[in-house]
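Visitor: One structure is given below, represented as structure tokens, and several questions about it will come after.
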There are 2 protein chains.
Amino acid sequence: MASVSAGSSLAGLRVVEIGTSVAAPYGAQVLGDLGAEVIKVERHGTGDDARQWLPPEWEGRSVAFLSFNRNKKSVVLDYKTGRGRELLEELVASADVLIQNLRPGSLAKAGFTWERLRELNPRLIYCEMSGYGHTGPRAGQPAYDPMVQAYSGIVSITGGEDGDPARVPVSLLDMGTGMWAVVGIYEALRRRDATGRGSHVQPSLLQTALTWLTAPLMGVAAGGAAPKRLGSGYRATVPSGAFPTSDGHVFLQAGNNDTWHRLLEALDARELRDREGFGSNADRVRHRNPVNVALSQHTVKFTTAEVLDRLGPTLVPHSAVHTVDQALEDEQVRAIGQIVPLEHPGIPGFRVVNLPLTFDGGYPPHQGAPPELGADTRSVLASLGLGEQDIDSLFADGTAAGRGTPDAVKH
Amino acid sequence: MASVSAGSSLAGLRVVEIGTSVAAPYGAQVLGDLGAEVIKVERHGTGDDARQWLPPEWEGRSVAFLSFNRNKKSVVLDYKTGRGRELLEELVASADVLIQNLRPGSLAKAGFTWERLRELNPRLIYCEMSGYGHTGPRAGQPAYDPMVQAYSGIVSITGGEDGDPARVPVSLLDMGTGMWAVVGIYEALRRRDATGRGSHVQPSLLQTALTWLTAPLMGVAAGGAAPKRLGSGYRATVPSGAFPTSDGHVFLQAGNNDTWHRLLEALDARELRDREGFGSNADRVRHRNPVNVALSQHTVKFTTAEVLDRLGPTLVPHSAVHTVDQALEDEQVRAIGQIVPLEHPGIPGFRVVNLPLTFDGGYPPHQGAPPELGADTRSVLASLGLGEQDIDSLFADGTAAGRGTPDAVKH
């Protein structure tokens, strides 16, 4: 692996991830992006569930796995056997952070309670994720991002006004919980810098969901009605949303009369200016549907490119509604340099989406592509002081697996 | 204000926020939640734009403002005048972090470039947010969360299969960028702990959006087609999504035949088991619409409560599709203790949604409710060494405003 910028404050720190799917793998990936050594402990044979989520694939490897596991080492270790458990204990003793999102209670059942972890390493920061939080009647239940979107109220407010409820189609709870894990781990690291002691950090999908819903929940707590689905619209401003063009959609918004008049001018739609009930934003909010229909009848006369040309000089907030392939090739997206090549031994042209942050103008450097299953078992066991022969015998008895053992699959 | 837990690593650090709307206010609120002193510098008369976003309101105050501004002090200061600029320079010199999301370039135009800020305080961490990133043809353009959702491709994949594109109805780019700011600031603080020097951290809404889209973008980079809208559905699993009941919707998912059969059993829908084209998940993905229609004909025979009762013991992943008011009153949501009372001088029964994290089992303590405009101007100016008379004359000539001056509005 390439060396990490000396600038990173996480360089030299070891993170052990016992993660699967998205939340813990993503949180650990962010720590690796920021310079930590991340050791991903995986199951024999299949490893992280996300390795099997095909299609979509890239040279036979799962795009989901590739998205959330760069800058890591992969170790295959059966920590439910006696010797395997000892090795995980040694790994934990050598680590700064342990992050996991197994089914609630399952790591404790394998012998790794917070009490035991603290005994093994009083400086350890233990980030334990759950679906529904660590207390309450559902604390022990597994959960998935879409189910918790539904449980928390997010699904009820997503989708068309007259249509069925929809899901937010990005991993806002899984990836979001990974981000909150990173925030909690940084705070715990600074506490440890001051005190020498580790902490127990517990994020969850449900808590992450309620935080996304902060404003709607507080609106209801204040006595307001539960928000309804508004499609691409916005409760307090009309027009705001995606409007049809002859070849797609354009997103636009006019929150006050000055902007509304400039919008109508640009679209040759002056006639709407004096229409009954369209006179102020408050009027337009009351007549949401007629305003949207009337405006759509004008936007649809033009191509998307024509609408963008007409709105360009007006200061009316607007945007193309890009498809994901259009976004990937967009000039501004290219200019910010966030999507970059990363060398992968089996994927020519491999690219990744960098952290959405720069430090003093630059993205942090990468350590390596997402690892093949068990690619680093030998080197990580060697870092615990094991010799070649010890490792060979662990491979032979199935406690560990890696390159060259039949139990390790190719990807 | 109440004292912060001695445990917080941010206690004693000063954050200056020149923020408006959501992204910078939210990032600064998280730092305040975690123990920093946050000083919010606001405009005369109106302050943060979000103070005017009514409805929804709570005792006359904007719910949006209340959602993103607890644990802060409010200072009204006109830093575009000579004396006001000097005072902001002194405030910056006394600070550890400056976070801002004004229109790109506008703080620099007022005299606060990164070069000047570094001169004033070499230890300063400067978090400068933008809409479209800090390079490229759109670097100077303002942006709003829904416009960047459209630009990045998120809107194109949100909403019903046959309906119009929709918006994600939570602030995933504004709040998300605030979260990335916090990650960047923590990393910069640890770098400063090691080197004594500050950093320039630059997140943006567009970068945040591309990160949410990591997997879809990598799928397209791998040669796949751009993803389409699927409502509440999931590309690789059928059934998965919100299904109608006689009184609402229920969310359920069956990713393999074992789960599918248990689902059919529980809903008295065994007849679908042998239907042509419904035999395996791969078959069902190919026949997405017929499967969803057929299953809906069964779910709609029951109330939501009946479906939940029937699925409870089955291990089929499922959830109620709660509305936001149902979520607020839910037993599990209450049990995790994330929504808590916070004393507010003008809002009886005020409640907030805590950080979605606990440390050693507890949420960090709060410092105070969202401040009224200019509530802390006097005490913050006094912390810079100004006497009562100096402050009176700044209030008199309009450089500053606060409690008891006509320029400060009540909320």
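All residue names refer to the structure tokens as shown: chains lettered A, B, ... in order, residues numbered from 1 in each chain, ligands numbered from 1 in order.
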Please identify which residues in region 141-313 of chain A DSSP calls alpha helix (DSSP H) from the backbone, and express them as a PyMOL selection string.
Guide: chain A and resi 145-152+154-157+174-195+205-212+214-221+257-266+281-286+288-299+304-311
Visitor: Taking 5 positions as the minimum chain separation for residues in the same chain, which residues sit within 9 Å of Gly337 (chain A) when counting only C-alpha atoms? Answer as a PyMOL selection string.
Guide: (chain A and resi 332+354+363) or (chain B and resi 135)
Visitor: For chain A, which of B:Ala36, B:Ala222, B:Ala93, B:Ala282 is the closest residue, counting only C-alpha atoms?
Guide: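 Under the stated criterion, the closest residue is B:Ala222.
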Visitor: Can you tell me which residues surround region 172-176 of chain B at a distance of at most 8 Å, considering only C-alpha atoms, apart from same-chain residues fewer than 3 positions away, and format the answer as a list in words?
Guide: Leu172 and Trp212 of chain A; Val22, Ala23, Tyr26, Gly27, Asp145, Val148, Gln149, Val168, Met179, Trp180, Leu205, Leu206, Thr208 and Ala209 of chain B
Visitor: Would you mind exporting the chosen residues as a PDB file, in the first residue's frame, restricted to N, CA, C and O atoms?
Guide:
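The resulting file, out21.pdb, is shown below:
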```pdb
ATOM      1  N   LEU A 172     -29.316   6.842   2.944  1.00  0.00           N
ATOM      2  CA  LEU A 172     -29.146   7.944   3.890  1.00  0.00           C
ATOM      3  C   LEU A 172     -29.078   7.487   5.330  1.00  0.00           C
ATOM      4  O   LEU A 172     -28.476   8.162   6.154  1.00  0.00           O
ATOM      5  N   TRP A 212     -32.356  13.260  10.583  1.00  0.00           N
ATOM      6  CA  TRP A 212     -32.745  13.810   9.271  1.00  0.00           C
ATOM      7  C   TRP A 212     -34.106  14.487   9.351  1.00  0.00           C
ATOM      8  O   TRP A 212     -34.383  15.440   8.617  1.00  0.00           O
TER       9      TRP A 212
ATOM     10  N   VAL B  22     -29.287  26.539   6.422  1.00  0.00           N
ATOM     11  CA  VAL B  22     -29.144  25.230   7.072  1.00  0.00           C
ATOM     12  C   VAL B  22     -27.695  24.723   7.208  1.00  0.00           C
ATOM     13  O   VAL B  22     -27.290  24.299   8.295  1.00  0.00           O
ATOM     14  N   ALA B  23     -26.910  24.731   6.142  1.00  0.00           N
ATOM     15  CA  ALA B  23     -25.671  23.934   6.150  1.00  0.00           C
ATOM     16  C   ALA B  23     -24.683  24.367   7.251  1.00  0.00           C
ATOM     17  O   ALA B  23     -24.277  23.545   8.075  1.00  0.00           O
ATOM     18  N   TYR B  26     -26.240  24.140  10.782  1.00  0.00           N
ATOM     19  CA  TYR B  26     -26.345  22.772  11.282  1.00  0.00           C
ATOM     20  C   TYR B  26     -24.979  22.229  11.712  1.00  0.00           C
ATOM     21  O   TYR B  26     -24.840  21.640  12.791  1.00  0.00           O
ATOM     22  N   GLY B  27     -23.952  22.435  10.876  1.00  0.00           N
ATOM     23  CA  GLY B  27     -22.611  21.980  11.262  1.00  0.00           C
ATOM     24  C   GLY B  27     -22.189  22.594  12.590  1.00  0.00           C
ATOM     25  O   GLY B  27     -21.667  21.904  13.478  1.00  0.00           O
ATOM     26  N   ASP B 145     -30.217  23.317  -1.661  1.00  0.00           N
ATOM     27  CA  ASP B 145     -30.312  21.859  -1.563  1.00  0.00           C
ATOM     28  C   ASP B 145     -31.131  21.246  -2.707  1.00  0.00           C
ATOM     29  O   ASP B 145     -30.636  20.338  -3.402  1.00  0.00           O
ATOM     30  N   VAL B 148     -29.352  21.369  -6.150  1.00  0.00           N
ATOM     31  CA  VAL B 148     -28.192  20.472  -6.257  1.00  0.00           C
ATOM     32  C   VAL B 148     -28.626  19.004  -6.220  1.00  0.00           C
ATOM     33  O   VAL B 148     -27.990  18.146  -6.827  1.00  0.00           O
ATOM     34  N   GLN B 149     -29.746  18.714  -5.574  1.00  0.00           N
ATOM     35  CA  GLN B 149     -30.316  17.355  -5.703  1.00  0.00           C
ATOM     36  C   GLN B 149     -30.623  17.070  -7.173  1.00  0.00           C
ATOM     37  O   GLN B 149     -30.390  15.961  -7.663  1.00  0.00           O
ATOM     38  N   VAL B 168     -35.816  14.492  -2.532  1.00  0.00           N
ATOM     39  CA  VAL B 168     -35.698  13.878  -1.210  1.00  0.00           C
ATOM     40  C   VAL B 168     -36.114  14.949  -0.206  1.00  0.00           C
ATOM     41  O   VAL B 168     -35.525  16.030  -0.172  1.00  0.00           O
ATOM     42  N   MET B 179     -22.577  17.912   8.339  1.00  0.00           N
ATOM     43  CA  MET B 179     -21.910  16.756   8.955  1.00  0.00           C
ATOM     44  C   MET B 179     -20.484  16.595   8.431  1.00  0.00           C
ATOM     45  O   MET B 179     -19.557  16.326   9.200  1.00  0.00           O
ATOM     46  N   TRP B 180     -20.300  16.743   7.117  1.00  0.00           N
ATOM     47  CA  TRP B 180     -18.942  16.627   6.565  1.00  0.00           C
ATOM     48  C   TRP B 180     -18.051  17.741   7.096  1.00  0.00           C
ATOM     49  O   TRP B 180     -16.855  17.529   7.337  1.00  0.00           O
ATOM     50  N   LEU B 205     -22.157  21.360  -1.236  1.00  0.00           N
ATOM     51  CA  LEU B 205     -23.375  20.574  -1.462  1.00  0.00           C
ATOM     52  C   LEU B 205     -23.184  19.571  -2.588  1.00  0.00           C
ATOM     53  O   LEU B 205     -23.643  18.426  -2.507  1.00  0.00           O
ATOM     54  N   LEU B 206     -22.504  19.987  -3.676  1.00  0.00           N
ATOM     55  CA  LEU B 206     -22.347  19.070  -4.811  1.00  0.00           C
ATOM     56  C   LEU B 206     -21.478  17.877  -4.422  1.00  0.00           C
ATOM     57  O   LEU B 206     -21.803  16.726  -4.761  1.00  0.00           O
ATOM     58  N   THR B 208     -21.095  16.640  -1.460  1.00  0.00           N
ATOM     59  CA  THR B 208     -21.923  15.814  -0.577  1.00  0.00           C
ATOM     60  C   THR B 208     -22.894  14.962  -1.398  1.00  0.00           C
ATOM     61  O   THR B 208     -23.073  13.762  -1.136  1.00  0.00           O
ATOM     62  N   ALA B 209     -23.509  15.561  -2.417  1.00  0.00           N
ATOM     63  CA  ALA B 209     -24.471  14.823  -3.257  1.00  0.00           C
ATOM     64  C   ALA B 209     -23.792  13.663  -3.974  1.00  0.00           C
ATOM     65  O   ALA B 209     -24.331  12.551  -4.029  1.00  0.00           O
TER      66      ALA B 209
END
```
Visitor: Can you pull out every residue within 7 Å of Ser156 (chain B), counting only C-alpha atoms, but drop anything in the same chain fewer than 4 positions away, and send it as an NGL selection string?
Guide: (:A and (321-323)) or (:B and (150 or 165 or 229))
Visitor: Skipping near chain neighbours, those fewer than 5 positions away, what residues fall within 12 Å of Asp390 (chain A) using only C-alpha atoms, listed as a list in words?
Guide: Arg83, Leu87, Arg378, Leu381, Ala382, Leu384, Gly385, Phe395, Ala396, Asp397, Thr399 and Ala400 of chain A
Visitor: Please provide as JSON, numbers by chain all residues within 12 Å of Pro216 (chain A), with the sequence filter that same-chain residues fewer than 6 positions apart are discarded (counting only C-alpha atoms).
Guide: {"A": [152, 153, 154, 156, 157, 209, 210, 222, 223, 224, 225, 226, 227, 228, 235], "B": [55, 56, 57, 62, 63, 64, 66, 67, 169, 170, 171, 323, 324, 325, 326, 327, 328, 352, 353]}
Visitor: Using only C-alpha atoms, which residue out of B:Gly136, B:Gly196, B:Gly346, B:Gly398 lies closest to chain A?
Guide: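 Distance minimum relative to chain A lands on B:Gly136.
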Visitor: Please, which residues of region 294-362 of chain A, numbered as in this document, come out strand (DSSP E or B) from DSSP, as a PyMOL selection string?
Guide: chain A and resi 318-320+339-341+351-353+357-359+362
Visitor: Could you please determine the separation between CA of Gly248 (chain A) and CA of Thr304 (chain A) in Å, to one decimal place?
Guide: 6.3 Å
Visitor: Give the answer as one residue: which of B:Ala143, B:Ala108, B:Leu311, B:Val293 has the shortest atom-to-atom distance to chain A, using only C-alpha atoms?
Guide: B:Ala143
Visitor: List as a VMD selection string the protein and nucleic acid residues near Ala254 (chain A), meaning an atom at most 7 Å away when only C-alpha atoms are counted, but skip any in the same chain fewer than 6 places from it.
Guide: chain A and resid 238 to 240 260 316
Visitor: So, counting only C-alpha atoms, which residue among A:Tyr234, A:Phe359, A:Trp53, A:Phe68 is closest to chain B?
Guide: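 Selected residue with least distance to chain B: A:Phe359.
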